[in-house]
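Everything below belongs to target-v3.cif, which stores mmCIF, C-alpha atoms.
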```cif
data_structure
loop_
_atom_site.label_atom_id
_atom_site.label_comp_id
_atom_site.auth_asym_id
_atom_site.auth_seq_id
_atom_site.Cartn_x
_atom_site.Cartn_y
_atom_site.Cartn_z
CA MET T 18 53.44 -93.21 83.72
CA ARG T 19 51.09 -94.22 86.52
CA GLY T 20 51.19 -90.69 87.96
CA ALA T 21 50.50 -89.19 84.55
CA ALA T 22 47.61 -91.59 84.03
CA LEU T 23 46.11 -90.66 87.38
CA ALA T 24 46.47 -86.98 86.58
CA LEU T 25 44.80 -87.49 83.23
CA ALA T 26 41.96 -89.42 84.86
CA ALA T 27 41.47 -86.61 87.37
CA VAL T 28 41.29 -84.02 84.59
CA LEU T 29 38.84 -86.11 82.58
CA GLY T 30 36.75 -86.77 85.68
CA GLY T 31 36.59 -83.07 86.41
CA ALA T 32 35.61 -82.28 82.84
CA ILE T 33 32.84 -84.88 82.92
CA ALA T 34 31.56 -83.53 86.23
CA CYS T 35 31.52 -80.00 84.82
CA ALA T 36 29.68 -81.17 81.71
CA ARG T 37 27.04 -82.85 83.85
CA ALA T 38 26.69 -79.93 86.26
CA GLN T 39 23.53 -77.93 85.81
CA PRO T 40 23.97 -74.21 85.11
CA PRO T 41 22.54 -71.84 87.68
CA PRO T 42 18.92 -70.88 86.99
CA ALA T 43 18.41 -67.73 84.94
CA ARG T 44 16.79 -64.69 86.48
CA THR T 45 14.97 -62.27 84.24
CA LEU T 46 15.64 -58.54 84.38
CA ASP T 47 13.52 -55.94 82.62
CA LEU T 48 16.03 -53.34 81.46
CA GLU T 49 14.67 -50.54 79.26
CA GLY T 50 12.01 -52.85 77.89
CA VAL T 51 14.49 -55.63 77.13
CA GLU T 52 14.06 -59.00 78.83
CA VAL T 53 17.55 -59.94 79.96
CA HIS T 54 17.93 -63.50 81.20
CA LEU T 55 21.01 -63.47 83.41
CA VAL T 56 22.69 -66.81 84.06
CA MET T 57 25.27 -66.42 86.82
CA ASP T 58 26.33 -68.23 89.97
CA ASP T 59 26.22 -65.44 92.56
CA ALA T 60 28.10 -67.54 95.08
CA ALA T 61 31.09 -67.76 92.74
CA PHE T 62 31.43 -63.96 92.78
CA GLY T 63 30.87 -63.36 96.49
CA GLU T 64 30.85 -59.65 97.32
CA ALA T 65 31.26 -58.75 93.63
CA ALA T 66 27.93 -60.35 92.63
CA PRO T 67 25.76 -57.24 93.25
CA ARG T 68 28.00 -55.24 90.91
CA ILE T 69 27.16 -57.33 87.85
CA THR T 70 23.57 -56.20 87.24
CA PRO T 71 24.35 -52.43 87.29
CA TRP T 72 27.18 -53.09 84.81
CA ILE T 73 24.82 -54.93 82.46
CA GLU T 74 22.17 -52.21 82.78
CA ARG T 75 24.68 -49.44 82.12
CA SER T 76 26.11 -51.22 79.06
CA LEU T 77 22.64 -51.89 77.67
CA HIS T 78 21.71 -48.22 78.11
CA ILE T 79 24.87 -47.10 76.30
CA VAL T 80 24.07 -49.26 73.27
CA ALA T 81 20.35 -48.39 73.29
CA ASN T 82 21.23 -44.68 73.39
CA TYR T 83 23.41 -44.94 70.30
CA TYR T 84 20.94 -47.05 68.30
CA ALA T 85 17.82 -45.18 69.52
CA GLY T 86 16.64 -48.48 70.99
CA PHE T 87 18.34 -51.71 71.94
CA PRO T 88 18.81 -54.03 68.93
CA VAL T 89 16.89 -56.98 70.44
CA HIS T 90 14.03 -57.37 72.91
CA ASP T 91 15.14 -60.66 74.44
CA LEU T 92 18.72 -61.41 75.46
CA THR T 93 20.45 -64.11 77.50
CA ILE T 94 23.72 -63.19 79.20
CA VAL T 95 25.87 -65.93 80.71
CA VAL T 96 28.52 -64.64 83.12
CA ALA T 97 31.16 -67.19 84.13
CA PRO T 98 33.70 -66.55 86.91
CA GLY T 99 37.39 -66.23 86.09
CA PHE T 100 40.63 -65.33 87.84
CA MET T 101 41.30 -62.10 85.95
CA SER T 102 40.81 -58.73 87.64
CA GLY T 103 38.25 -57.37 85.19
CA VAL T 104 36.23 -58.61 82.23
CA GLY T 105 38.17 -61.27 80.36
CA GLY T 106 36.31 -61.41 77.08
CA GLY T 107 33.02 -62.26 75.47
CA THR T 108 31.31 -63.99 72.56
CA THR T 109 27.99 -63.03 70.97
CA PHE T 110 25.51 -65.25 69.14
CA GLY T 111 22.42 -64.14 67.23
CA ALA T 112 20.62 -67.44 66.61
CA PRO T 113 18.56 -69.25 67.62
CA ARG T 114 18.28 -66.50 70.29
CA ALA T 115 20.45 -63.55 71.21
CA LEU T 116 23.13 -64.76 73.61
CA ILE T 117 26.27 -63.20 75.07
CA ARG T 118 28.80 -65.28 77.02
CA LEU T 119 31.29 -63.45 79.23
CA ARG T 120 34.05 -64.32 81.68
CA VAL T 121 34.45 -61.91 84.58
CA GLY T 122 36.86 -61.84 87.50
CA ARG T 123 35.49 -63.36 90.70
CA GLU T 124 36.44 -60.27 92.71
CA VAL T 125 35.88 -57.68 89.99
CA SER T 126 35.70 -54.14 91.35
CA ALA T 127 33.05 -51.55 90.57
CA ALA T 128 35.79 -49.40 89.01
CA LYS T 129 36.79 -52.17 86.60
CA LEU T 130 33.19 -52.66 85.53
CA LEU T 131 32.64 -48.93 85.11
CA ASP T 132 35.64 -48.79 82.78
CA ASP T 133 34.72 -51.96 80.86
CA TRP T 134 34.41 -51.88 77.07
CA VAL T 135 33.83 -55.58 76.42
CA LEU T 136 30.08 -55.80 77.09
CA VAL T 137 29.29 -52.70 75.04
CA HIS T 138 31.37 -54.15 72.19
CA GLU T 139 29.54 -57.49 72.38
CA MET T 140 26.09 -55.88 72.60
CA THR T 141 26.89 -53.79 69.52
CA HIS T 142 27.34 -57.01 67.52
CA LEU T 143 23.62 -57.69 68.00
CA ALA T 144 22.67 -54.75 65.76
CA LEU T 145 24.36 -56.01 62.59
CA PRO T 146 23.13 -59.03 60.62
CA ASP T 147 25.52 -61.93 60.17
CA VAL T 148 27.64 -60.99 57.14
CA GLY T 149 29.93 -64.03 57.17
CA GLU T 150 33.57 -64.56 58.10
CA GLU T 151 34.80 -62.88 54.92
CA HIS T 152 33.38 -59.62 56.25
CA ALA T 153 34.43 -60.01 59.89
CA TRP T 154 36.25 -56.71 59.44
CA LEU T 155 32.84 -55.02 59.29
CA SER T 156 31.31 -56.67 62.36
CA GLU T 157 34.43 -56.32 64.51
CA GLY T 158 35.45 -52.94 63.15
CA LEU T 159 31.98 -51.53 63.65
CA ALA T 160 31.83 -52.75 67.26
CA THR T 161 35.29 -51.30 67.88
CA TYR T 162 34.28 -47.94 66.42
CA VAL T 163 30.83 -47.65 68.00
CA GLU T 164 31.94 -48.70 71.50
CA GLY T 165 33.99 -45.57 72.12
CA ILE T 166 31.50 -43.12 70.65
CA ALA T 167 28.51 -44.69 72.40
CA ARG T 168 30.29 -44.53 75.74
CA VAL T 169 31.23 -40.87 75.22
CA ARG T 170 27.61 -39.99 74.43
CA ALA T 171 26.47 -41.75 77.60
CA GLY T 172 29.09 -40.01 79.75
CA ASN T 173 31.00 -43.25 80.37
CA ARG T 174 34.23 -42.24 78.63
CA SER T 175 35.93 -39.00 77.63
CA GLU T 176 36.09 -37.77 74.06
CA ALA T 177 39.82 -37.13 74.35
CA ASP T 178 40.41 -40.70 75.52
CA VAL T 179 38.63 -42.15 72.48
CA TRP T 180 40.41 -39.96 69.96
CA ALA T 181 43.76 -40.67 71.65
CA GLU T 182 43.11 -44.40 71.28
CA ASP T 183 42.16 -43.92 67.63
CA LEU T 184 45.38 -42.02 66.96
CA ARG T 185 47.39 -44.87 68.51
CA GLN T 186 45.51 -47.81 67.05
CA MET T 187 44.11 -46.88 63.63
CA PRO T 188 47.53 -47.07 61.93
CA ARG T 189 47.31 -50.82 62.68
CA GLY T 190 44.33 -50.91 60.31
CA LEU T 191 46.27 -49.61 57.30
CA PRO T 192 47.29 -52.10 54.59
CA GLN T 193 50.67 -53.75 54.97
CA PRO T 194 52.82 -55.45 52.29
CA GLY T 195 50.87 -58.34 50.77
CA ASP T 196 47.49 -56.85 51.65
CA ARG T 197 44.67 -57.70 49.21
CA GLY T 198 41.89 -55.49 50.54
CA LEU T 199 39.54 -55.77 53.51
CA ASP T 200 37.64 -58.80 52.22
CA HIS T 201 40.80 -60.84 51.68
CA THR T 202 43.16 -59.76 54.47
CA HIS T 203 42.16 -61.21 57.82
CA THR T 204 44.91 -60.01 60.14
CA TRP T 205 43.99 -58.72 63.59
CA GLY T 206 44.89 -55.14 62.68
CA ARG T 207 42.91 -55.07 59.45
CA THR T 208 39.92 -56.85 61.01
CA TYR T 209 39.48 -54.63 64.06
CA TRP T 210 41.17 -51.34 63.21
CA GLY T 211 40.87 -51.52 59.44
CA GLY T 212 37.15 -52.03 59.98
CA ALA T 213 37.03 -49.19 62.51
CA LEU T 214 38.81 -46.89 60.04
CA PHE T 215 36.22 -47.79 57.38
CA CYS T 216 33.51 -46.73 59.84
CA LEU T 217 35.24 -43.45 60.67
CA LEU T 218 35.67 -42.60 56.99
CA ALA T 219 32.01 -43.44 56.38
CA ASP T 220 30.88 -41.33 59.33
CA VAL T 221 32.89 -38.31 58.18
CA GLN T 222 31.76 -38.59 54.56
CA ILE T 223 28.08 -39.06 55.43
CA ARG T 224 28.21 -35.95 57.58
CA GLN T 225 29.95 -33.97 54.85
CA LYS T 226 27.35 -34.97 52.27
CA THR T 227 24.37 -34.27 54.55
CA ALA T 228 25.55 -30.91 55.92
CA ASN T 229 26.25 -32.66 59.23
CA HIS T 230 22.59 -33.53 59.78
CA LEU T 231 23.07 -37.30 59.50
CA GLY T 232 25.84 -39.69 60.47
CA LEU T 233 26.81 -43.34 60.45
CA GLU T 234 24.46 -44.07 63.37
CA HIS T 235 21.45 -43.24 61.20
CA ALA T 236 22.56 -45.80 58.63
CA LEU T 237 23.26 -48.38 61.34
CA ARG T 238 19.87 -47.85 62.98
CA ALA T 239 18.13 -48.46 59.65
CA ILE T 240 20.17 -51.63 59.10
CA ALA T 241 19.29 -52.92 62.57
CA ARG T 242 15.58 -52.22 62.13
CA ALA T 243 15.31 -53.69 58.65
CA SER T 244 17.36 -56.82 59.36
CA GLY T 245 16.50 -57.63 62.96
CA GLY T 246 20.21 -57.79 63.74
CA LEU T 247 22.57 -60.70 64.27
CA GLY T 248 19.82 -63.33 64.22
CA THR T 249 19.57 -62.95 60.43
CA SER T 250 22.09 -63.38 57.61
CA TRP T 251 22.46 -60.69 54.97
CA PRO T 252 24.92 -60.22 52.11
CA VAL T 253 27.15 -57.29 52.89
CA THR T 254 25.95 -55.51 49.75
CA ARG T 255 22.41 -55.45 51.16
CA VAL T 256 23.73 -54.06 54.45
CA PHE T 257 25.44 -51.16 52.70
CA ALA T 258 22.54 -50.49 50.33
CA THR T 259 20.13 -50.32 53.28
CA GLY T 260 22.40 -47.98 55.21
CA ASP T 261 22.98 -45.71 52.24
CA ALA T 262 19.25 -45.47 51.52
CA ALA T 263 18.65 -44.28 55.09
CA VAL T 264 21.06 -41.35 54.68
CA ALA T 265 20.39 -40.73 50.96
CA THR T 266 24.02 -41.20 49.91
CA HIS T 267 26.21 -43.88 48.32
CA VAL T 268 29.01 -43.51 50.86
CA LEU T 269 28.99 -47.07 52.24
CA GLU T 270 28.70 -48.72 48.84
CA ASP T 271 31.39 -46.53 47.30
CA LEU T 272 33.80 -47.00 50.21
CA TYR T 273 33.30 -50.75 50.09
CA ALA T 274 33.86 -50.87 46.33
CA GLY T 275 37.15 -49.02 46.78
CA LEU T 276 38.48 -50.99 49.74
CA LYS T 277 37.18 -54.56 49.49
CA ASP T 278 39.76 -55.82 46.96
CA THR T 279 42.34 -53.04 46.99
CA PRO T 280 44.99 -52.18 49.62
CA ARG T 281 44.13 -48.51 49.47
CA THR T 282 45.74 -46.48 52.23
CA THR T 283 44.38 -43.46 54.12
CA ASP T 284 46.39 -40.32 54.91
CA LEU T 285 45.73 -40.45 58.64
CA PRO T 286 47.83 -37.38 59.59
CA ALA T 287 45.79 -35.31 57.13
CA LEU T 288 42.53 -36.75 58.48
CA TRP T 289 43.48 -35.96 62.10
CA HIS T 290 44.53 -32.45 61.08
CA ASP T 291 41.23 -31.78 59.30
CA LEU T 292 39.26 -33.13 62.27
CA GLY T 293 41.30 -30.95 64.64
CA ILE T 294 42.89 -33.78 66.62
CA GLU T 295 46.50 -33.28 67.73
CA ALA T 296 48.54 -35.76 69.76
CA ASP T 297 49.62 -34.42 73.14
CA GLY T 298 51.54 -37.08 75.04
CA ASP T 299 49.11 -39.79 76.10
CA THR T 300 46.10 -37.65 75.25
CA VAL T 301 45.06 -35.21 72.50
CA ARG T 302 44.28 -31.56 71.96
CA LEU T 303 41.03 -30.81 70.12
CA HIS T 304 41.03 -27.71 67.91
CA ALA T 305 37.74 -25.90 67.38
CA ASP T 306 38.99 -24.03 64.29
CA ALA T 307 39.87 -27.13 62.24
CA PRO T 308 38.12 -27.63 58.86
CA LEU T 309 36.12 -30.62 60.12
CA ALA T 310 35.83 -29.63 63.78
CA ARG T 311 32.01 -29.51 63.57
CA VAL T 312 32.00 -33.00 62.08
CA ARG T 313 34.23 -34.27 64.89
CA GLU T 314 31.95 -32.72 67.49
CA ALA T 315 28.86 -34.23 65.85
CA ILE T 316 30.41 -37.71 65.78
CA MET T 317 30.90 -37.63 69.54
CA GLY T 318 27.86 -35.52 70.40
CA VAL T 319 24.17 -36.27 70.84
CA PRO T 320 22.42 -36.50 67.43
CA GLU T 321 20.03 -33.70 66.53
CA ASP T 322 17.04 -36.06 66.33
CA ARG T 323 17.30 -37.15 69.95
#
```
Show this structure as structure tokens.
Amino acid sequence: MRGAALALAAVLGGAIACARAQPPPARTLDLEGVEVHLVMDDAAFGEAAPRITPWIERSLHIVANYYAGFPVHDLTIVVAPGFMSGVGGGTTFGAPRALIRLRVGREVSAAKLLDDWVLVHEMTHLALPDVGEEHAWLSEGLATYVEGIARVRAGNRSEADVWAEDLRQMPRGLPQPGDRGLDHTHTWGRTYWGGALFCLLADVQIRQKTANHLGLEHALRAIARASGGLGTSWPVTRVFATGDAAVATHVLEDLYAGLKDTPRTTDLPALWHDLGIEADGDTVRLHADAPLARVREAIMGVPEDR
């Protein structure tokens, strides 16, 4: 008992000391017109410390490229050291100021940071207003969907790699027995990949209805501009109405009406066939003669207005 008590006292003492410790001072970086306040103890990362800023700059550029401008003009990023080899995870807050907290391996390599998806995912959250926990499938699904496409457009990931991941993972987003629709089924698969599938369907349908001139990114840009992003709270109906107005369709509102309360499934094999995406081991073959090949290319390509 005495040994356990001493151990407990040591843990509590360490926790108190950590709570009292002052965080390292922030340094401000001007990245593409965004003031990024980086809070990080360089000494904790040793030789890996100089790799952190280029990773942040690259991730910010990827998101700004997709949204035609970064969603916020002032952002604090707190990078804490961990014992993993890469980026361990992150959390994003919109209010009272934009803030992203991340845990990164103390000896993280440049290759791990180059291949990282976490920071792009977290930065994407900043572009959507807070829609509440009931609609977490939208915020998480959107970040999951946009991350891959934005990285392809910036040359940070291959198109085949993203489509191969979608082929593997999107079946996890389909309704399972007991499902009650996206708003009422909060499993991991439905939240992340069900939301990502919603975004893919919206992207395809917007492009079909606009002769491939507009896509989901145009709706998302309008939502980000009108709302100010994660620092505000909007009902999800306002989000979809704003996005639809920007692309002159009712795709988002109609999709939401059909999927929010109903476990409606999607014929994924038929969708992949129409897009011209065929599984080929760990990767995919992309067919240029597929019915929706031009739509697939536009989703991953640079928009016409850029």
So which residues touch T:Phe215 within 10 Å, counting all atoms listed in the file, skipping near sequence neighbours fewer than 5 positions away, as a PDB file with C-alpha atoms, in the coordinates of the input?
```
ATOM      1  CA  TRP T 154      36.250 -56.710  59.440  1.00  0.00           C
ATOM      2  CA  LEU T 155      32.840 -55.020  59.290  1.00  0.00           C
ATOM      3  CA  GLY T 158      35.450 -52.940  63.150  1.00  0.00           C
ATOM      4  CA  LEU T 159      31.980 -51.530  63.650  1.00  0.00           C
ATOM      5  CA  TYR T 162      34.280 -47.940  66.420  1.00  0.00           C
ATOM      6  CA  GLY T 190      44.330 -50.910  60.310  1.00  0.00           C
ATOM      7  CA  LEU T 199      39.540 -55.770  53.510  1.00  0.00           C
ATOM      8  CA  TRP T 210      41.170 -51.340  63.210  1.00  0.00           C
ATOM      9  CA  ASP T 220      30.880 -41.330  59.330  1.00  0.00           C
ATOM     10  CA  LEU T 269      28.990 -47.070  52.240  1.00  0.00           C
ATOM     11  CA  LEU T 272      33.800 -47.000  50.210  1.00  0.00           C
ATOM     12  CA  TYR T 273      33.300 -50.750  50.090  1.00  0.00           C
ATOM     13  CA  LEU T 276      38.480 -50.990  49.740  1.00  0.00           C
ATOM     14  CA  THR T 283      44.380 -43.460  54.120  1.00  0.00           C
TER      15      THR T 283
END
```
Expected selection from the PyMOL selection byres ((chain T and resi 93-96) around 12), given as a PyMOL selection string = chain T and resi 40-47+51-59+61-62+66+69-70+72-74+77+89-92+97-99+104-123+136+139-140+143
ask   = So, counting only C-alpha atoms, which residue among T:Pro88, T:Gly298, T:Gly318, T:Gly211 is closest to T:Gly165?
value =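 Among T:Pro88, T:Gly298, T:Gly318, T:Gly211, it is T:Gly318 that comes nearest to T:Gly165.
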Within 10 Å of T:Ala213, counting all atoms listed in the file, which residues show up once you throw out same-chain ones fewer than 4 positions away? Write them as a compact mmCIF listing (two decimals) with C-alpha atoms, in the frame of the given file, please.
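Resulting contents of part-v4.txt:
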```txt
# COMPACT_ATOMS: atom_id res chain seq x y z
CA TRP T 154 36.25 -56.71 59.44
CA LEU T 155 32.84 -55.02 59.29
CA SER T 156 31.31 -56.67 62.36
CA GLU T 157 34.43 -56.32 64.51
CA GLY T 158 35.45 -52.94 63.15
CA LEU T 159 31.98 -51.53 63.65
CA ALA T 160 31.83 -52.75 67.26
CA THR T 161 35.29 -51.30 67.88
CA TYR T 162 34.28 -47.94 66.42
CA VAL T 163 30.83 -47.65 68.00
CA ASP T 183 42.16 -43.92 67.63
CA GLN T 186 45.51 -47.81 67.05
CA MET T 187 44.11 -46.88 63.63
CA GLY T 190 44.33 -50.91 60.31
CA GLY T 206 44.89 -55.14 62.68
CA ARG T 207 42.91 -55.07 59.45
CA THR T 208 39.92 -56.85 61.01
CA TYR T 209 39.48 -54.63 64.06
CA LEU T 217 35.24 -43.45 60.67
CA LEU T 218 35.67 -42.60 56.99
CA ALA T 219 32.01 -43.44 56.38
```
task = Using atom CA of T:Gly260 and atom CA of T:Gly149 as the two end points, give the distance in Å to one decimal.
result =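 Between these atoms lies a distance of 17.8 Å.
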task = Extract, using all atoms listed in the file, all DNA, RNA and protein residues at most 8 Å from T:Asp147, discarding same-chain residues fewer than 6 positions from it, and format them as a ChimeraX atom specification.
result = /T:246-251
Atomic separation - atom CA of T:Asn229 relative to atom CA of T:Gly293, Å =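 Value for the atom CA of T:Gly293-atom CA of T:Asn229 distance: 16.1 Å.
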Extract, using all atoms listed in the file, all DNA, RNA and protein residues at most 10 Å from T:Glu234, discarding same-chain residues fewer than 6 positions from it, and format them as a PDB file with C-alpha atoms, in the frame of the given file.
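What landed in result_10.pdb:
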```
ATOM      1  CA  TYR T  83      23.410 -44.940  70.300  1.00  0.00           C
ATOM      2  CA  TYR T  84      20.940 -47.050  68.300  1.00  0.00           C
ATOM      3  CA  ALA T  85      17.820 -45.180  69.520  1.00  0.00           C
ATOM      4  CA  VAL T 163      30.830 -47.650  68.000  1.00  0.00           C
ATOM      5  CA  ALA T 167      28.510 -44.690  72.400  1.00  0.00           C
ATOM      6  CA  ASP T 220      30.880 -41.330  59.330  1.00  0.00           C
ATOM      7  CA  ILE T 240      20.170 -51.630  59.100  1.00  0.00           C
ATOM      8  CA  GLY T 260      22.400 -47.980  55.210  1.00  0.00           C
ATOM      9  CA  VAL T 264      21.060 -41.350  54.680  1.00  0.00           C
ATOM     10  CA  ILE T 316      30.410 -37.710  65.780  1.00  0.00           C
ATOM     11  CA  PRO T 320      22.420 -36.500  67.430  1.00  0.00           C
TER      12      PRO T 320
END
```
key: Distance of atom CA of T:Arg224 from atom CA of T:Asp271, expressed in Å to one decimal place   =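 Between these atoms lies a distance of 15.1 Å.
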request  = Between T:Ala177, T:Ala305, T:Ala171, T:Ala258, single out the one closest to T:Ala239, counting only C-alpha atoms.
outcome  =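 Closest residue, counting only C-alpha atoms: T:Ala258.
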task = Report as a PyMOL selection string the full result of the PyMOL selection byres ((chain T and resi 304) around 9) when it is applied to this structure.
result = chain T and resi 292-295+302-303+305-307+310
Hey, can you spit out that residue selection with C-alpha atoms as a PDB file, in the frame of the given file?
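Below you can see again.pdb, which holds the result:
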```pdb
ATOM      1  CA  LEU T 292      39.260 -33.130  62.270  1.00  0.00           C
ATOM      2  CA  GLY T 293      41.300 -30.950  64.640  1.00  0.00           C
ATOM      3  CA  ILE T 294      42.890 -33.780  66.620  1.00  0.00           C
ATOM      4  CA  GLU T 295      46.500 -33.280  67.730  1.00  0.00           C
ATOM      5  CA  ARG T 302      44.280 -31.560  71.960  1.00  0.00           C
ATOM      6  CA  LEU T 303      41.030 -30.810  70.120  1.00  0.00           C
ATOM      7  CA  ALA T 305      37.740 -25.900  67.380  1.00  0.00           C
ATOM      8  CA  ASP T 306      38.990 -24.030  64.290  1.00  0.00           C
ATOM      9  CA  ALA T 307      39.870 -27.130  62.240  1.00  0.00           C
ATOM     10  CA  ALA T 310      35.830 -29.630  63.780  1.00  0.00           C
TER      11      ALA T 310
END
```
Completed stretch 107-120 of chain T (N, CA and C atoms) as an mmCIF file, keeping the file's coordinate frame:
```
data_model
loop_
_atom_site.group_PDB
_atom_site.id
_atom_site.type_symbol
_atom_site.label_atom_id
_atom_site.label_comp_id
_atom_site.auth_asym_id
_atom_site.auth_seq_id
_atom_site.Cartn_x
_atom_site.Cartn_y
_atom_site.Cartn_z
ATOM 1 N N GLY T 107 34.394 -61.846 75.704
ATOM 2 C CA GLY T 107 33.020 -62.260 75.470
ATOM 3 C C GLY T 107 32.816 -62.777 74.062
ATOM 4 N N THR T 108 31.708 -63.475 73.864
ATOM 5 C CA THR T 108 31.310 -63.990 72.560
ATOM 6 C C THR T 108 29.813 -63.769 72.402
ATOM 7 N N THR T 109 29.396 -63.345 71.222
ATOM 8 C CA THR T 109 27.990 -63.030 70.970
ATOM 9 C C THR T 109 27.433 -63.931 69.880
ATOM 10 N N PHE T 110 26.214 -64.407 70.094
ATOM 11 C CA PHE T 110 25.510 -65.250 69.140
ATOM 12 C C PHE T 110 24.152 -64.598 68.838
ATOM 13 N N GLY T 111 23.700 -64.720 67.589
ATOM 14 C CA GLY T 111 22.420 -64.140 67.230
ATOM 15 C C GLY T 111 21.300 -65.143 67.115
ATOM 16 N N ALA T 112 21.637 -66.412 66.841
ATOM 17 C CA ALA T 112 20.620 -67.440 66.610
ATOM 18 C C ALA T 112 21.000 -68.705 67.394
ATOM 19 N N PRO T 113 19.996 -69.475 67.853
ATOM 20 C CA PRO T 113 18.560 -69.250 67.620
ATOM 21 C C PRO T 113 17.982 -68.093 68.452
ATOM 22 N N ARG T 114 18.697 -67.664 69.513
ATOM 23 C CA ARG T 114 18.280 -66.500 70.290
ATOM 24 C C ARG T 114 19.522 -65.688 70.608
ATOM 25 N N ALA T 115 19.318 -64.417 70.874
ATOM 26 C CA ALA T 115 20.450 -63.550 71.210
ATOM 27 C C ALA T 115 21.091 -64.017 72.509
ATOM 28 N N LEU T 116 22.394 -64.224 72.463
ATOM 29 C CA LEU T 116 23.130 -64.760 73.610
ATOM 30 C C LEU T 116 24.516 -64.139 73.661
ATOM 31 N N ILE T 117 24.911 -63.695 74.849
ATOM 32 C CA ILE T 117 26.270 -63.200 75.070
ATOM 33 C C ILE T 117 26.883 -63.994 76.218
ATOM 34 N N ARG T 118 28.050 -64.568 75.979
ATOM 35 C CA ARG T 118 28.800 -65.280 77.020
ATOM 36 C C ARG T 118 30.001 -64.436 77.418
ATOM 37 N N LEU T 119 30.199 -64.282 78.723
ATOM 38 C CA LEU T 119 31.290 -63.450 79.230
ATOM 39 C C LEU T 119 32.006 -64.170 80.365
ATOM 40 N N ARG T 120 33.292 -63.851 80.518
ATOM 41 C CA ARG T 120 34.050 -64.320 81.680
ATOM 42 C C ARG T 120 34.507 -63.092 82.452
#
```
